[in-house]
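Data block for query_3.cif (mmCIF, C-alpha atoms and all ligand atoms):
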data_structure
#
loop_
_atom_site.group_PDB
_atom_site.id
_atom_site.type_symbol
_atom_site.label_atom_id
_atom_site.label_comp_id
_atom_site.auth_asym_id
_atom_site.auth_seq_id
_atom_site.Cartn_x
_atom_site.Cartn_y
_atom_site.Cartn_z
ATOM 1 C CA MET A 1 -131.789 -122.854 46.769
ATOM 2 C CA SER A 2 -133.284 -126.323 46.361
ATOM 3 C CA ALA A 3 -134.864 -128.192 49.261
ATOM 4 C CA LEU A 4 -131.905 -130.573 49.154
ATOM 5 C CA THR A 5 -129.298 -127.803 49.480
ATOM 6 C CA GLU A 6 -131.352 -126.270 52.308
ATOM 7 C CA LEU A 7 -131.184 -129.653 53.999
ATOM 8 C CA TYR A 8 -127.390 -129.679 53.529
ATOM 9 C CA ASP A 9 -127.254 -126.345 55.403
ATOM 10 C CA GLN A 10 -129.296 -127.766 58.266
ATOM 11 C CA ILE A 11 -127.009 -130.795 58.444
ATOM 12 C CA ALA A 12 -123.919 -128.559 58.529
ATOM 13 C CA GLN A 13 -125.397 -126.588 61.432
ATOM 14 C CA CYS A 14 -126.694 -129.564 63.424
ATOM 15 C CA LYS A 15 -125.245 -129.855 66.934
ATOM 16 C CA LEU A 16 -127.477 -132.609 68.317
ATOM 17 C CA CYS A 17 -124.575 -134.999 68.879
ATOM 18 C CA ASP A 18 -121.319 -134.372 70.732
ATOM 19 C CA ILE A 19 -119.340 -135.526 67.706
ATOM 20 C CA SER A 20 -120.401 -132.322 65.920
ATOM 21 C CA ARG A 21 -117.849 -130.459 68.075
ATOM 22 C CA HIS A 22 -115.001 -132.357 66.462
ATOM 23 C CA ARG A 23 -116.007 -132.322 62.832
ATOM 24 C CA THR A 24 -114.169 -130.420 60.124
ATOM 25 C CA LYS A 25 -117.086 -130.669 57.714
ATOM 26 C CA ALA A 26 -120.433 -132.404 57.844
ATOM 27 C CA VAL A 27 -120.920 -134.928 55.045
ATOM 28 C CA PRO A 28 -124.547 -134.743 53.937
ATOM 29 C CA GLY A 29 -124.259 -136.775 50.734
ATOM 30 C CA GLU A 30 -123.938 -135.993 47.057
ATOM 31 C CA GLY A 31 -125.388 -136.824 43.684
ATOM 32 C CA PRO A 32 -127.966 -135.566 41.239
ATOM 33 C CA GLU A 33 -131.358 -134.642 42.676
ATOM 34 C CA ASN A 34 -133.023 -136.922 40.132
ATOM 35 C CA ALA A 35 -130.828 -139.944 40.918
ATOM 36 C CA GLN A 36 -132.803 -143.187 40.902
ATOM 37 C CA ILE A 37 -130.277 -145.192 42.882
ATOM 38 C CA MET A 38 -129.169 -144.278 46.413
ATOM 39 C CA PHE A 39 -126.169 -145.908 48.116
ATOM 40 C CA ILE A 40 -126.177 -145.578 51.910
ATOM 41 C CA GLY A 41 -122.969 -146.234 53.856
ATOM 42 C CA GLU A 42 -122.202 -145.993 57.518
ATOM 43 C CA ALA A 43 -120.395 -142.806 58.553
ATOM 44 C CA PRO A 44 -117.801 -140.405 57.154
ATOM 45 C CA GLY A 45 -114.149 -141.241 57.801
ATOM 46 C CA PHE A 46 -111.085 -138.980 57.932
ATOM 47 C CA ASN A 47 -110.998 -137.999 54.255
ATOM 48 C CA GLU A 48 -114.748 -137.464 54.084
ATOM 49 C CA ASP A 49 -114.607 -135.221 57.172
ATOM 50 C CA GLN A 50 -111.848 -133.154 55.552
ATOM 51 C CA GLN A 51 -113.636 -132.756 52.216
ATOM 52 C CA GLY A 52 -117.313 -132.803 53.226
ATOM 53 C CA ARG A 53 -117.950 -135.491 50.590
ATOM 54 C CA PRO A 54 -118.966 -139.142 51.086
ATOM 55 C CA PHE A 55 -116.773 -142.090 50.111
ATOM 56 C CA VAL A 56 -113.683 -140.224 48.940
ATOM 57 C CA GLY A 57 -111.075 -142.348 50.803
ATOM 58 C CA ALA A 58 -109.897 -145.899 50.133
ATOM 59 C CA ALA A 59 -113.392 -147.406 50.564
ATOM 60 C CA GLY A 60 -114.714 -144.764 48.155
ATOM 61 C CA GLN A 61 -112.141 -145.643 45.531
ATOM 62 C CA PHE A 62 -113.220 -149.256 45.751
ATOM 63 C CA LEU A 63 -116.879 -148.202 45.554
ATOM 64 C CA ASP A 64 -116.051 -146.229 42.379
ATOM 65 C CA LYS A 65 -114.479 -149.388 40.905
ATOM 66 C CA LEU A 66 -117.514 -151.471 41.838
ATOM 67 C CA LEU A 67 -119.798 -148.916 40.190
ATOM 68 C CA ALA A 68 -117.625 -148.834 37.073
ATOM 69 C CA SER A 69 -117.714 -152.648 36.912
ATOM 70 C CA ILE A 70 -121.399 -152.428 36.008
ATOM 71 C CA GLY A 71 -121.070 -149.311 33.872
ATOM 72 C CA LEU A 72 -122.158 -146.783 36.512
ATOM 73 C CA SER A 73 -120.370 -143.538 37.246
ATOM 74 C CA ARG A 74 -120.661 -142.028 40.715
ATOM 75 C CA ASN A 75 -121.989 -138.816 39.127
ATOM 76 C CA THR A 76 -125.198 -140.600 38.220
ATOM 77 C CA VAL A 77 -126.044 -142.074 41.623
ATOM 78 C CA TYR A 78 -126.715 -140.548 45.033
ATOM 79 C CA ILE A 79 -124.302 -141.465 47.835
ATOM 80 C CA THR A 80 -124.839 -140.781 51.510
ATOM 81 C CA ASN A 81 -124.409 -142.291 54.966
ATOM 82 C CA ILE A 82 -126.542 -143.256 57.941
ATOM 83 C CA ILE A 83 -124.824 -140.523 59.971
ATOM 84 C CA LYS A 84 -123.416 -137.311 58.543
ATOM 85 C CA THR A 85 -120.536 -136.586 60.944
ATOM 86 C CA ARG A 86 -117.339 -138.577 61.437
ATOM 87 C CA PRO A 87 -117.248 -140.514 64.728
ATOM 88 C CA PRO A 88 -113.892 -140.219 66.546
ATOM 89 C CA GLU A 89 -111.330 -142.857 65.515
ATOM 90 C CA ASN A 90 -113.885 -144.081 62.965
ATOM 91 C CA ARG A 91 -115.746 -146.007 65.658
ATOM 92 C CA ASP A 92 -119.184 -147.453 64.881
ATOM 93 C CA PRO A 93 -122.024 -144.925 65.006
ATOM 94 C CA LEU A 94 -123.880 -144.950 68.357
ATOM 95 C CA PRO A 95 -127.620 -145.706 68.418
ATOM 96 C CA LEU A 96 -128.309 -142.102 69.549
ATOM 97 C CA GLU A 97 -126.259 -140.689 66.654
ATOM 98 C CA ILE A 98 -128.152 -142.886 64.204
ATOM 99 C CA GLU A 99 -131.439 -141.754 65.760
ATOM 100 C CA ASN A 100 -130.471 -138.057 65.652
ATOM 101 C CA CYS A 101 -129.424 -138.272 62.001
ATOM 102 C CA LYS A 102 -132.484 -140.294 60.974
ATOM 103 C CA ARG A 103 -134.454 -137.099 60.274
ATOM 104 C CA PHE A 104 -131.889 -136.083 57.638
ATOM 105 C CA LEU A 105 -131.828 -139.433 55.873
ATOM 106 C CA ASP A 106 -135.643 -139.483 55.961
ATOM 107 C CA CYS A 107 -135.696 -136.072 54.227
ATOM 108 C CA GLN A 108 -133.218 -137.240 51.598
ATOM 109 C CA LEU A 109 -135.395 -140.274 50.883
ATOM 110 C CA GLU A 110 -138.487 -138.095 50.681
ATOM 111 C CA LEU A 111 -136.865 -135.535 48.346
ATOM 112 C CA LEU A 112 -135.105 -137.967 46.021
ATOM 113 C CA LYS A 113 -137.597 -140.814 46.081
ATOM 114 C CA PRO A 114 -134.989 -143.314 44.813
ATOM 115 C CA LYS A 115 -136.236 -146.433 43.070
ATOM 116 C CA ILE A 116 -133.334 -148.519 44.371
ATOM 117 C CA ILE A 117 -131.746 -148.193 47.816
ATOM 118 C CA VAL A 118 -128.449 -150.022 48.276
ATOM 119 C CA THR A 119 -127.317 -150.494 51.859
ATOM 120 C CA LEU A 120 -123.557 -150.699 52.374
ATOM 121 C CA GLY A 121 -122.640 -152.482 55.590
ATOM 122 C CA ARG A 122 -124.402 -153.558 58.777
ATOM 123 C CA HIS A 123 -125.585 -150.226 60.129
ATOM 124 C CA SER A 124 -127.220 -149.183 56.923
ATOM 125 C CA MET A 125 -128.714 -152.663 56.479
ATOM 126 C CA ALA A 126 -130.175 -152.561 60.006
ATOM 127 C CA ARG A 127 -132.307 -149.542 59.071
ATOM 128 C CA PHE A 128 -133.897 -151.168 56.014
ATOM 129 C CA PHE A 129 -133.669 -154.886 56.831
ATOM 130 C CA PRO A 130 -134.252 -154.928 60.609
ATOM 131 C CA GLY A 131 -133.254 -158.136 62.374
ATOM 132 C CA LYS A 132 -131.350 -159.520 59.376
ATOM 133 C CA ILE A 133 -127.749 -160.699 59.248
ATOM 134 C CA ILE A 134 -125.551 -159.301 56.521
ATOM 135 C CA SER A 135 -123.718 -162.558 55.788
ATOM 136 C CA LYS A 136 -127.119 -164.134 55.051
ATOM 137 C CA ILE A 137 -128.809 -161.395 53.017
ATOM 138 C CA HIS A 138 -126.058 -159.598 51.103
ATOM 139 C CA GLY A 139 -126.737 -159.692 47.379
ATOM 140 C CA THR A 140 -130.486 -160.028 47.885
ATOM 141 C CA ALA A 141 -133.299 -157.550 47.382
ATOM 142 C CA GLN A 142 -136.708 -156.814 48.846
ATOM 143 C CA LYS A 143 -139.345 -154.784 47.053
ATOM 144 C CA ARG A 144 -141.598 -152.664 49.267
ATOM 145 C CA ASP A 145 -144.001 -149.973 48.095
ATOM 146 C CA GLY A 146 -142.385 -149.912 44.667
ATOM 147 C CA VAL A 147 -138.861 -149.397 46.056
ATOM 148 C CA ILE A 148 -136.153 -152.051 45.689
ATOM 149 C CA TYR A 149 -133.906 -152.458 48.756
ATOM 150 C CA PHE A 150 -130.619 -154.247 48.077
ATOM 151 C CA ALA A 151 -128.116 -155.209 50.800
ATOM 152 C CA MET A 152 -124.356 -155.299 50.269
ATOM 153 C CA TYR A 153 -121.261 -155.585 52.424
ATOM 154 C CA HIS A 154 -119.465 -152.314 53.107
ATOM 155 C CA PRO A 155 -116.667 -151.697 50.562
ATOM 156 C CA ALA A 156 -114.216 -151.111 53.460
ATOM 157 C CA ALA A 157 -114.890 -154.661 54.688
ATOM 158 C CA ALA A 158 -113.299 -155.985 51.501
ATOM 159 C CA LEU A 159 -110.212 -153.868 52.143
ATOM 160 C CA HIS A 160 -109.777 -155.604 55.511
ATOM 161 C CA GLN A 161 -110.943 -159.102 54.524
ATOM 162 C CA GLY A 162 -109.759 -159.785 50.994
ATOM 163 C CA GLY A 163 -112.262 -162.626 50.557
ATOM 164 C CA LEU A 164 -115.180 -160.223 50.634
ATOM 165 C CA ARG A 165 -113.991 -158.441 47.490
ATOM 166 C CA LYS A 166 -115.315 -161.268 45.306
ATOM 167 C CA GLU A 167 -118.642 -161.214 47.201
ATOM 168 C CA LEU A 168 -118.997 -157.470 46.621
ATOM 169 C CA GLU A 169 -118.141 -157.823 42.941
ATOM 170 C CA ALA A 170 -120.660 -160.648 42.548
ATOM 171 C CA ASP A 171 -123.356 -158.688 44.419
ATOM 172 C CA MET A 172 -122.791 -155.723 42.120
ATOM 173 C CA VAL A 173 -123.578 -157.952 39.130
ATOM 174 C CA LYS A 174 -126.829 -158.980 40.882
ATOM 175 C CA LEU A 175 -127.650 -155.330 41.533
ATOM 176 C CA LYS A 176 -127.264 -154.595 37.813
ATOM 177 C CA VAL A 177 -130.243 -156.836 37.075
ATOM 178 C CA PHE A 178 -132.462 -154.590 39.223
ATOM 179 C CA ILE A 179 -130.989 -151.434 37.694
ATOM 180 C CA ASP A 180 -131.726 -152.741 34.192
ATOM 181 C CA GLU A 181 -135.271 -153.446 35.355
ATOM 182 C CA ILE A 182 -135.967 -149.836 36.425
ATOM 183 C CA GLU A 183 -134.291 -148.458 33.318
ATOM 184 C CA LYS A 184 -136.384 -150.552 30.948
ATOM 185 C CA PRO A 185 -138.691 -148.253 28.970
ATOM 186 C CA ALA A 186 -142.382 -148.697 29.809
ATOM 187 C CA PRO A 187 -143.952 -151.122 27.327
ATOM 188 C CA VAL A 188 -145.659 -149.367 24.439
ATOM 189 C CA LEU A 189 -149.167 -150.719 23.895
ATOM 190 C CA GLU A 190 -150.105 -151.800 20.399
ATOM 191 C CA LYS A 191 -152.362 -149.355 18.623
ATOM 192 C CA THR A 192 -155.380 -151.655 18.714
ATOM 193 C CA LYS A 193 -154.948 -152.209 22.440
ATOM 194 C CA GLN A 194 -154.585 -148.450 23.013
ATOM 195 C CA LEU A 195 -157.879 -147.897 21.197
ATOM 196 C CA ASN A 196 -159.496 -150.661 23.211
ATOM 197 C CA LEU A 197 -158.617 -148.806 26.396
ATOM 198 C CA PHE A 198 -161.101 -146.133 25.468
ATOM 199 C CA GLU A 199 -163.860 -148.469 24.341
ATOM 200 C CA VAL A 200 -167.025 -148.466 26.406
HETATM 201 N N1 LIG B 1 -117.300 -145.261 54.918
HETATM 202 C C1 LIG B 1 -118.601 -144.909 54.953
HETATM 203 O O1 LIG B 1 -119.449 -145.646 55.438
HETATM 204 N N2 LIG B 1 -118.929 -143.762 54.451
HETATM 205 C C2 LIG B 1 -118.073 -142.922 53.897
HETATM 206 O O2 LIG B 1 -118.489 -141.870 53.445
HETATM 207 C C3 LIG B 1 -116.730 -143.319 53.851
HETATM 208 C C4 LIG B 1 -116.360 -144.492 54.374
#

Written as structure tokens, how would this file's structure read?
Ligand code: URA
Amino acid sequence: MSALTELYDQIAQCKLCDISRHRTKAVPGEGPENAQIMFIGEAPGFNEDQQGRPFVGAAGQFLDKLLASIGLSRNTVYITNIIKTRPPENRDPLPLEIENCKRFLDCQLELLKPKIIVTLGRHSMARFFPGKIISKIHGTAQKRDGVIYFAMYHPAAALHQGGLRKELEADMVKLKVFIDEIEKPAPVLEKTKQLNLFEV
């Protein structure tokens, strides 16, 4: 069993928050263990709670479309949430729930070491861009310790406010520039320069 699947077991057994009593399935996250890009949403909704998988409802279908718009398939990225259990009536996660689940997200970050972290929505943004306002920083990136942090609106926001769809689509195009950057092969040094490296 990999460290990540062990973590999934711990998440499934966690009873730190009251909401654990009402869950059908915990939703730890999914994606390849060597994924370089991690998308972090807010909290599982009804469909996610039923299936134990993130972003499988209407917001997830829109996320899939956004990914496809820049040639990404969801099988190649890692997708998770700030909290791993559905809050009743899909309310916002409480500060204590976010705090209790922080240990799990921290472990996921440590195990996967993604090169790009994309925050989806306010709650996810607040963790990585503290004090910022989503309407001001969506579509922008910060690089810290070699990791690119990129803020986006939550896909569900576009389902409620049609105008945000265009913003999300445009931000995805901006994200692609950073993805291309990490996928660029390392420059190959010319032979003479390689030899020079070893000169004394
Ligand atoms: N919204 C989220 O933030 N996460 C999900 O997994 C589904 C909907």

Listing only residues of range 6-102 of chain A within 6 Å of range 119-131 of chain A, what is the closest atom pair and its distance in Å (to one decimal) for each, using only C-alpha atoms, sorted by chain and residue number ascending, as CSV?
residue,atom,partner,partner_atom,distance
A:Ile40,CA,A:Thr119,CA,5.0
A:Gly41,CA,A:Leu120,CA,4.7
A:Glu42,CA,A:Ser124,CA,6.0

For the PyMOL selection byres (((chain A and resi 134-149) around 7) and not hetatm), applied here, can you spell out every residue it catches as a ChimeraX atom specification? /A:115-118,122,132-133,150-153,171,174

Based on the selection just made, write C-alpha atoms of those residues as a PDB file, in the coordinates of the input.
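Below is the file result.pdb, written as the result:
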ATOM      1  CA  LYS A 115    -136.236-146.433  43.070  1.00  0.00           C
ATOM      2  CA  ILE A 116    -133.334-148.519  44.371  1.00  0.00           C
ATOM      3  CA  ILE A 117    -131.746-148.193  47.816  1.00  0.00           C
ATOM      4  CA  VAL A 118    -128.449-150.022  48.276  1.00  0.00           C
ATOM      5  CA  ARG A 122    -124.402-153.558  58.777  1.00  0.00           C
ATOM      6  CA  LYS A 132    -131.350-159.520  59.376  1.00  0.00           C
ATOM      7  CA  ILE A 133    -127.749-160.699  59.248  1.00  0.00           C
ATOM      8  CA  PHE A 150    -130.619-154.247  48.077  1.00  0.00           C
ATOM      9  CA  ALA A 151    -128.116-155.209  50.800  1.00  0.00           C
ATOM     10  CA  MET A 152    -124.356-155.299  50.269  1.00  0.00           C
ATOM     11  CA  TYR A 153    -121.261-155.585  52.424  1.00  0.00           C
ATOM     12  CA  ASP A 171    -123.356-158.688  44.419  1.00  0.00           C
ATOM     13  CA  LYS A 174    -126.829-158.980  40.882  1.00  0.00           C
TER      14      LYS A 174
END

How would you write, as JSON, numbers by chain, the residues chosen by the PyMOL selection byres (((not hetatm)) within 9 of (chain B and resi 1)) on this structure? {"A": [27, 29, 40, 41, 42, 43, 44, 45, 46, 47, 48, 49, 53, 54, 55, 56, 57, 58, 59, 60, 79, 80, 81, 82, 83, 84, 86, 90, 120, 121, 123, 124, 154, 155, 156]}

Once you have the residues from the selection above, write them out as a compact mmCIF listing (two decimals), in the frame of the given file, restricted to C-alpha atoms.
# COMPACT_ATOMS: atom_id res chain seq x y z
CA VAL A 27 -120.92 -134.93 55.04
CA GLY A 29 -124.26 -136.78 50.73
CA ILE A 40 -126.18 -145.58 51.91
CA GLY A 41 -122.97 -146.23 53.86
CA GLU A 42 -122.20 -145.99 57.52
CA ALA A 43 -120.40 -142.81 58.55
CA PRO A 44 -117.80 -140.40 57.15
CA GLY A 45 -114.15 -141.24 57.80
CA PHE A 46 -111.08 -138.98 57.93
CA ASN A 47 -111.00 -138.00 54.26
CA GLU A 48 -114.75 -137.46 54.08
CA ASP A 49 -114.61 -135.22 57.17
CA ARG A 53 -117.95 -135.49 50.59
CA PRO A 54 -118.97 -139.14 51.09
CA PHE A 55 -116.77 -142.09 50.11
CA VAL A 56 -113.68 -140.22 48.94
CA GLY A 57 -111.08 -142.35 50.80
CA ALA A 58 -109.90 -145.90 50.13
CA ALA A 59 -113.39 -147.41 50.56
CA GLY A 60 -114.71 -144.76 48.16
CA ILE A 79 -124.30 -141.46 47.84
CA THR A 80 -124.84 -140.78 51.51
CA ASN A 81 -124.41 -142.29 54.97
CA ILE A 82 -126.54 -143.26 57.94
CA ILE A 83 -124.82 -140.52 59.97
CA LYS A 84 -123.42 -137.31 58.54
CA ARG A 86 -117.34 -138.58 61.44
CA ASN A 90 -113.88 -144.08 62.96
CA LEU A 120 -123.56 -150.70 52.37
CA GLY A 121 -122.64 -152.48 55.59
CA HIS A 123 -125.58 -150.23 60.13
CA SER A 124 -127.22 -149.18 56.92
CA HIS A 154 -119.46 -152.31 53.11
CA PRO A 155 -116.67 -151.70 50.56
CA ALA A 156 -114.22 -151.11 53.46

With distances taken over all atoms listed in the file, which of A:Ala26, A:Ile70, A:Met172, A:Leu105 is nearest to Gln51 in chain A? A:Ala26

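CA of Met1 in chain A lies 22.5 Å from CA of Lys102 in chain A.
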